[in-house]
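Asks: Just one file: target02.csv, with CSV, C-alpha atoms.
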chain,number,residue,atom,x,y,z
A,274,MET,CA,0.0,0.0,0.0
A,275,SER,CA,1.3,3.4,-0.9
A,276,THR,CA,2.2,5.8,2.0
A,277,VAL,CA,-0.5,8.4,0.8
A,278,ALA,CA,-3.2,5.7,0.7
A,279,LEU,CA,-2.2,4.5,4.2
A,280,LEU,CA,-2.3,7.9,5.7
A,281,PHE,CA,-5.7,8.6,4.1
A,282,GLN,CA,-7.2,5.3,5.3
A,283,THR,CA,-5.9,5.8,8.8
A,284,GLY,CA,-7.3,9.3,9.0
A,285,TYR,CA,-4.0,11.2,9.0
A,286,LEU,CA,-5.1,12.9,5.7
A,287,THR,CA,-8.5,14.0,4.6
A,288,ILE,CA,-9.9,15.2,1.2
A,289,GLU,CA,-9.9,19.0,1.0
A,290,SER,CA,-11.1,19.2,-2.6
A,291,TRP,CA,-11.3,17.2,-5.8
A,292,ARG,CA,-12.0,17.6,-9.5
A,293,ARG,CA,-12.8,15.4,-12.4
A,294,ILE,CA,-10.3,15.3,-15.3
A,295,ALA,CA,-11.7,13.3,-18.2
A,296,ALA,CA,-12.2,9.8,-16.8
A,297,THR,CA,-10.1,10.3,-13.7
A,298,ALA,CA,-10.3,12.3,-10.5
A,299,GLN,CA,-7.7,14.5,-8.9
A,300,TYR,CA,-7.7,14.9,-5.1
A,301,ARG,CA,-6.1,17.5,-2.9
A,302,LEU,CA,-5.4,16.2,0.6
A,303,ARG,CA,-4.7,18.0,3.9
A,304,TYR,CA,-4.3,17.2,7.6
A,305,PRO,CA,-7.8,17.1,9.2
A,306,ASN,CA,-6.7,19.3,12.1
A,307,LYS,CA,-3.7,20.7,14.0
A,308,GLU,CA,-3.7,17.8,16.5
A,309,VAL,CA,-3.3,15.2,13.7
A,310,ARG,CA,-0.6,17.3,12.1
A,311,SER,CA,1.2,17.5,15.4
A,312,SER,CA,0.9,13.8,16.0
A,313,LEU,CA,2.1,12.7,12.6
A,314,THR,CA,5.1,15.1,12.5
A,315,GLY,CA,5.9,14.0,16.0
A,316,ALA,CA,6.1,10.4,14.9
A,317,MET,CA,8.3,11.4,11.9
A,318,LEU,CA,10.5,13.4,14.3
A,319,ASN,CA,10.9,10.3,16.5
A,320,TYR,CA,12.1,8.4,13.4
A,321,LEU,CA,14.5,11.1,12.4
A,322,ARG,CA,15.9,11.6,15.9
A,323,PRO,CA,17.4,8.8,18.0
A,324,GLN,CA,15.2,7.5,20.8
A,325,GLY,CA,17.9,7.9,23.4
A,326,ALA,CA,18.2,11.6,22.7
A,327,GLN,CA,14.9,12.6,24.4
A,328,THR,CA,16.6,14.0,27.5
A,329,ALA,CA,15.4,17.1,29.4
A,330,ALA,CA,17.5,19.3,27.2
A,331,THR,CA,15.9,18.0,24.0
A,332,ALA,CA,12.3,17.4,25.1
A,333,PRO,CA,10.1,18.9,22.4
A,334,PHE,CA,8.2,21.3,24.5
A,335,THR,CA,11.5,22.8,25.7
A,336,LEU,CA,11.8,24.3,22.1
A,337,TYR,CA,8.2,25.6,22.3
A,338,ASP,CA,8.9,27.4,25.6
A,339,HIS,CA,12.1,29.0,24.1
A,340,LEU,CA,10.1,30.2,21.1
A,341,VAL,CA,7.2,31.7,23.1
A,342,ALA,CA,9.7,33.5,25.4
A,343,GLY,CA,11.8,34.8,22.4
A,344,ASN,CA,14.8,32.9,23.9
A,345,LEU,CA,17.1,32.5,20.9
A,346,ASP,CA,20.0,31.2,22.9
A,347,GLY,CA,17.8,28.4,24.3
A,348,ALA,CA,16.6,27.6,20.8
A,349,ARG,CA,20.1,27.3,19.5
A,350,THR,CA,21.2,25.0,22.4
A,351,PHE,CA,18.1,22.8,21.7
A,352,THR,CA,18.8,22.4,18.0
A,353,GLN,CA,22.6,21.8,18.5
A,354,ALA,CA,21.8,19.1,21.0
A,355,MET,CA,19.3,17.6,18.6
A,356,PHE,CA,21.9,17.3,15.8
A,357,SER,CA,24.6,16.1,18.2
A,358,GLY,CA,22.3,13.2,19.1
A,359,THR,CA,22.0,12.0,15.5
A,360,PRO,CA,24.0,8.7,15.1
A,361,THR,CA,27.0,8.9,12.8
A,362,ASP,CA,25.8,5.7,11.1
A,363,TRP,CA,22.9,7.6,9.6
A,364,HIS,CA,25.4,9.5,7.5
A,365,ARG,CA,27.8,6.6,6.7
A,366,ARG,CA,27.9,5.6,3.1
A,367,ASN,CA,25.6,8.4,1.9
A,368,THR,CA,25.7,12.1,1.3
A,369,ILE,CA,22.5,13.2,3.0
A,370,GLY,CA,24.4,15.5,5.3
A,371,ASP,CA,25.6,17.5,2.2
A,372,TYR,CA,22.1,18.7,1.4
A,373,GLU,CA,20.2,21.7,2.8
A,374,GLY,CA,16.9,19.8,2.4
A,375,TYR,CA,17.9,17.2,5.0
A,376,TYR,CA,18.5,19.8,7.7
A,377,ALA,CA,15.5,21.8,6.7
A,378,SER,CA,13.3,18.6,7.0
A,379,VAL,CA,14.6,17.9,10.5
A,380,PHE,CA,13.9,21.5,11.5
A,381,TYR,CA,10.4,21.3,10.0
A,382,ALA,CA,9.6,18.1,11.8
A,383,SER,CA,10.8,19.6,15.1
A,384,PHE,CA,8.7,22.7,14.7
A,385,ALA,CA,5.6,21.1,13.1
A,386,SER,CA,5.3,18.6,15.9
A,387,LEU,CA,4.5,21.5,18.2
A,388,PRO,CA,1.4,23.7,18.4
A,389,LEU,CA,3.1,26.3,16.1
A,390,ASP,CA,2.0,28.0,12.9
A,391,VAL,CA,4.8,26.8,10.5
A,392,THR,CA,5.1,27.9,6.8
A,393,THR,CA,7.8,26.4,4.6
A,394,GLU,CA,9.0,28.1,1.4
A,395,ASP,CA,7.3,31.3,2.6
A,396,ALA,CA,6.8,33.3,-0.6
A,397,SER,CA,7.3,37.1,-0.9
A,398,SER,CA,7.9,39.5,-3.7
A,399,THR,CA,11.7,38.9,-3.5
A,400,GLY,CA,11.9,35.2,-3.1
A,401,ARG,CA,11.1,32.3,-0.8
A,402,LEU,CA,12.2,32.1,2.8
A,403,ASP,CA,13.0,28.6,4.0
A,404,MET,CA,10.7,28.6,7.0
A,405,ALA,CA,8.5,31.1,9.0
A,406,VAL,CA,7.2,30.2,12.5
A,407,HIS,CA,4.6,32.1,14.4
A,408,VAL,CA,3.8,31.7,18.1
A,409,ALA,CA,2.3,34.0,20.6
A,410,ALA,CA,3.7,37.5,19.8
A,411,GLN,CA,6.8,36.1,18.1
A,412,THR,CA,7.5,35.6,14.4
A,413,TYR,CA,10.7,33.7,13.5
A,414,LEU,CA,12.1,33.8,9.9
A,415,PHE,CA,14.6,31.0,9.2
A,416,GLU,CA,17.0,30.6,6.4
A,417,PHE,CA,19.3,27.5,6.2
A,418,LYS,CA,22.7,27.1,4.5
A,419,VAL,CA,25.1,24.2,4.3
A,420,VAL,CA,28.8,25.1,4.5
A,421,GLU,CA,32.0,23.0,4.6
A,422,THR,CA,33.3,23.8,8.1
A,423,GLU,CA,33.4,27.5,8.8
A,424,PRO,CA,30.4,29.9,8.9
A,425,GLN,CA,30.0,32.3,6.1
A,426,GLY,CA,27.2,34.6,7.4
A,427,ASP,CA,25.2,34.1,4.2
A,428,ALA,CA,22.0,32.7,5.7
A,429,LEU,CA,21.2,35.8,7.8
A,430,GLN,CA,22.4,38.1,5.1
A,431,GLN,CA,20.0,36.6,2.6
A,432,ILE,CA,17.1,37.3,4.9
A,433,LYS,CA,18.2,40.9,5.2
A,434,ASP,CA,19.1,41.4,1.5
A,435,ARG,CA,15.8,40.0,0.2
A,436,ARG,CA,13.8,41.8,2.9
A,437,TYR,CA,11.9,38.8,3.9
A,438,ALA,CA,10.7,40.5,7.1
A,439,ASP,CA,8.9,43.3,5.2
A,440,LYS,CA,5.7,41.4,4.8
A,441,TYR,CA,5.4,41.0,8.6
A,442,LEU,CA,6.2,44.6,9.6
A,443,GLY,CA,3.3,46.3,11.3
A,444,THR,CA,1.8,43.1,12.7
A,445,ASP,CA,2.5,43.9,16.4
A,446,THR,CA,4.8,40.9,16.7
A,447,THR,CA,8.5,40.7,17.5
A,448,ILE,CA,10.3,39.5,14.4
A,449,HIS,CA,13.4,37.4,14.8
A,450,LEU,CA,15.7,36.8,11.7
A,451,VAL,CA,17.5,33.6,12.2
A,452,GLY,CA,20.3,32.5,9.8
A,453,ILE,CA,21.4,28.9,10.4
A,454,GLU,CA,24.5,27.4,8.8
A,455,LEU,CA,25.3,23.7,9.1
A,456,SER,CA,28.6,22.0,8.4
A,457,ARG,CA,28.9,19.1,6.0
A,458,THR,CA,31.9,18.0,8.1
A,459,THR,CA,30.5,18.1,11.6
A,460,ARG,CA,26.8,17.7,10.6
A,461,ASN,CA,25.9,20.3,13.2
A,462,ILE,CA,25.2,24.0,13.5
A,463,VAL,CA,28.2,26.2,13.0
A,464,ALA,CA,26.3,29.5,12.9
A,465,PHE,CA,23.1,30.6,14.5
A,466,ASP,CA,23.0,34.3,13.6
A,467,THR,CA,20.1,36.4,14.7
A,468,GLU,CA,18.7,39.8,14.6
A,469,THR,CA,15.5,41.0,16.3
A,470,LEU,CA,13.1,43.6,15.0
A,471,THR,CA,10.7,45.0,17.7
A,472,PRO,CA,7.2,46.3,16.7
Written as structure tokens, that's how I'd like the structure from this file.
Replies:
Amino acid sequence: MSTVALLFQTGYLTIESWRRIAATAQYRLRYPNKEVRSSLTGAMLNYLRPQGAQTAATAPFTLYDHLVAGNLDGARTFTQAMFSGTPTDWHRRNTIGDYEGYYASVFYASFASLPLDVTTEDASSTGRLDMAVHVAAQTYLFEFKVVETEPQGDALQQIKDRRYADKYLGTDTTIHLVGIELSRTTRNIVAFDTETLTP
């Protein structure tokens, strides 16, 4: 059975809309509610993250508390601990650690498993931000880059150069620009550059 069919039959996905195209039908699926989305992404996160890494420092709601409080240092510590707990065997004989999409997926699963409003590939008039997260009176704008070993500062600079924050100005939320650079060599965060814009 295909993954999509399994998710639909178990209720993790539901039909949002459909249309007939000649003799076939095209369906658009979505999560039925936020609780199901949180449950499913939490299960995927447990698959991506080693089971033994669920210590107090990496408990999922620790990240939520940091984000609600605007605690960027705590968020950085959380995410570094998460990647430090990833077994080296997961990267042996493959190049998955060379790709931005791998790290972005782990971040997405971490954030989407929590009661947060998460948008990936957040479009604006100047491009697409990797991920936007909204919680309480905080908005976080994330850009991810993969580097060899040393930070380049390109992730945060891209957020600023492309003015990704402009669409959120005047929303009475504190906007945090977060540029994260990850090393192909250490497979962990080497830069967690931030800038905060207050309303």
Asks: Stretch 414-425 of chain A: which residues within 9 Å, counting only C-alpha atoms, same-chain residues fewer than 5 positions away excluded, as an MDAnalysis selection string?
Replies: chainID A and resid 370:374 376:377 402:407 431:432 437:438 448:459 463:464
Asks: Pick out the closest residue to A:Ser357 from this set: A:Pro472, A:Arg460, A:Arg293, A:Ser378. Count all atoms listed in the file.
Replies: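 Selected residue with least distance to A:Ser357: A:Arg460.
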Asks: Select, from A:Tyr375, A:Phe380, A:Tyr413, A:Tyr441, the residue with the minimum atom-to-atom distance to A:Ser397, counting only C-alpha atoms.
Replies: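 So, comparing all the options, the nearest one is A:Tyr441.
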Asks: Quick one: distance from atom CA of A:Ser311 to atom CA of A:Phe465 in Å, one decimal?
Replies: 25.5 Å
Asks: Which polymer residues have any atom within 9 Å of an atom of A:Tyr285, counting all atoms listed in the file, with same-chain residues fewer than 4 positions away left out, as a short mmCIF file (atom, residue, chain, number, x, y, z; two decimals) with C-alpha atoms, in the frame of the given file?
Replies:
data_model
loop_
_atom_site.label_atom_id
_atom_site.label_comp_id
_atom_site.auth_asym_id
_atom_site.auth_seq_id
_atom_site.Cartn_x
_atom_site.Cartn_y
_atom_site.Cartn_z
CA LEU A 279 -2.20 4.50 4.20
CA LEU A 280 -2.30 7.90 5.70
CA PHE A 281 -5.70 8.60 4.10
CA ARG A 303 -4.70 18.00 3.90
CA TYR A 304 -4.30 17.20 7.60
CA PRO A 305 -7.80 17.10 9.20
CA VAL A 309 -3.30 15.20 13.70
CA ARG A 310 -0.60 17.30 12.10
CA SER A 312 0.90 13.80 16.00
CA LEU A 313 2.10 12.70 12.60
#
Asks: Which residue gives the smallest distance to A:Val277 among A:Arg301, A:Asn306, A:Ala410, A:Phe356, with only C-alpha atoms counted?
Replies: A:Arg301
Asks: What is the atom CA of A:Val391-atom CA of A:Arg292 distance in Å, reported with one decimal?
Replies: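 That distance, rounded to one decimal, is 27.7 Å.
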Asks: Measure the distance from atom CA of A:Ser386 to atom CA of A:Gly343 in Å and round it to one decimal.
Replies: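 So the two atoms, atom CA of A:Ser386 and atom CA of A:Gly343, lie 18.6 Å apart.
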Asks: Looking at A:Ala409, A:Thr276, A:Leu302, A:Leu442, which one is nearest to A:Ile288, with distances taken over only C-alpha atoms?
Replies: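 Comparing A:Ala409, A:Thr276, A:Leu302, A:Leu442 against A:Ile288, the winner is A:Leu302.
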Asks: Identify, on the basis of only C-alpha atoms, every residue whose closest approach to A:Val408 does not exceed 8 Å; exclude the query and any residue fewer than 2 positions from it along the same chain; express the result as a ChimeraX atom specification.
Replies: /A:340-341,389-390,406,410-412
Asks: List as a list in words the residues having at least one atom at most 12 Å from position (24.8, 27.3, 22.3) as given in the file, counting all atoms listed in the file.
Replies: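 The residues that fall inside the cut-off are Ala330, Asn344, Leu345, Asp346, Gly347, Ala348, Arg349, Thr350, Phe351, Thr352, Gln353, Ala354, Met355, Ser357, Asn461, Ile462, Val463, Ala464, Phe465 and Asp466 of chain A.
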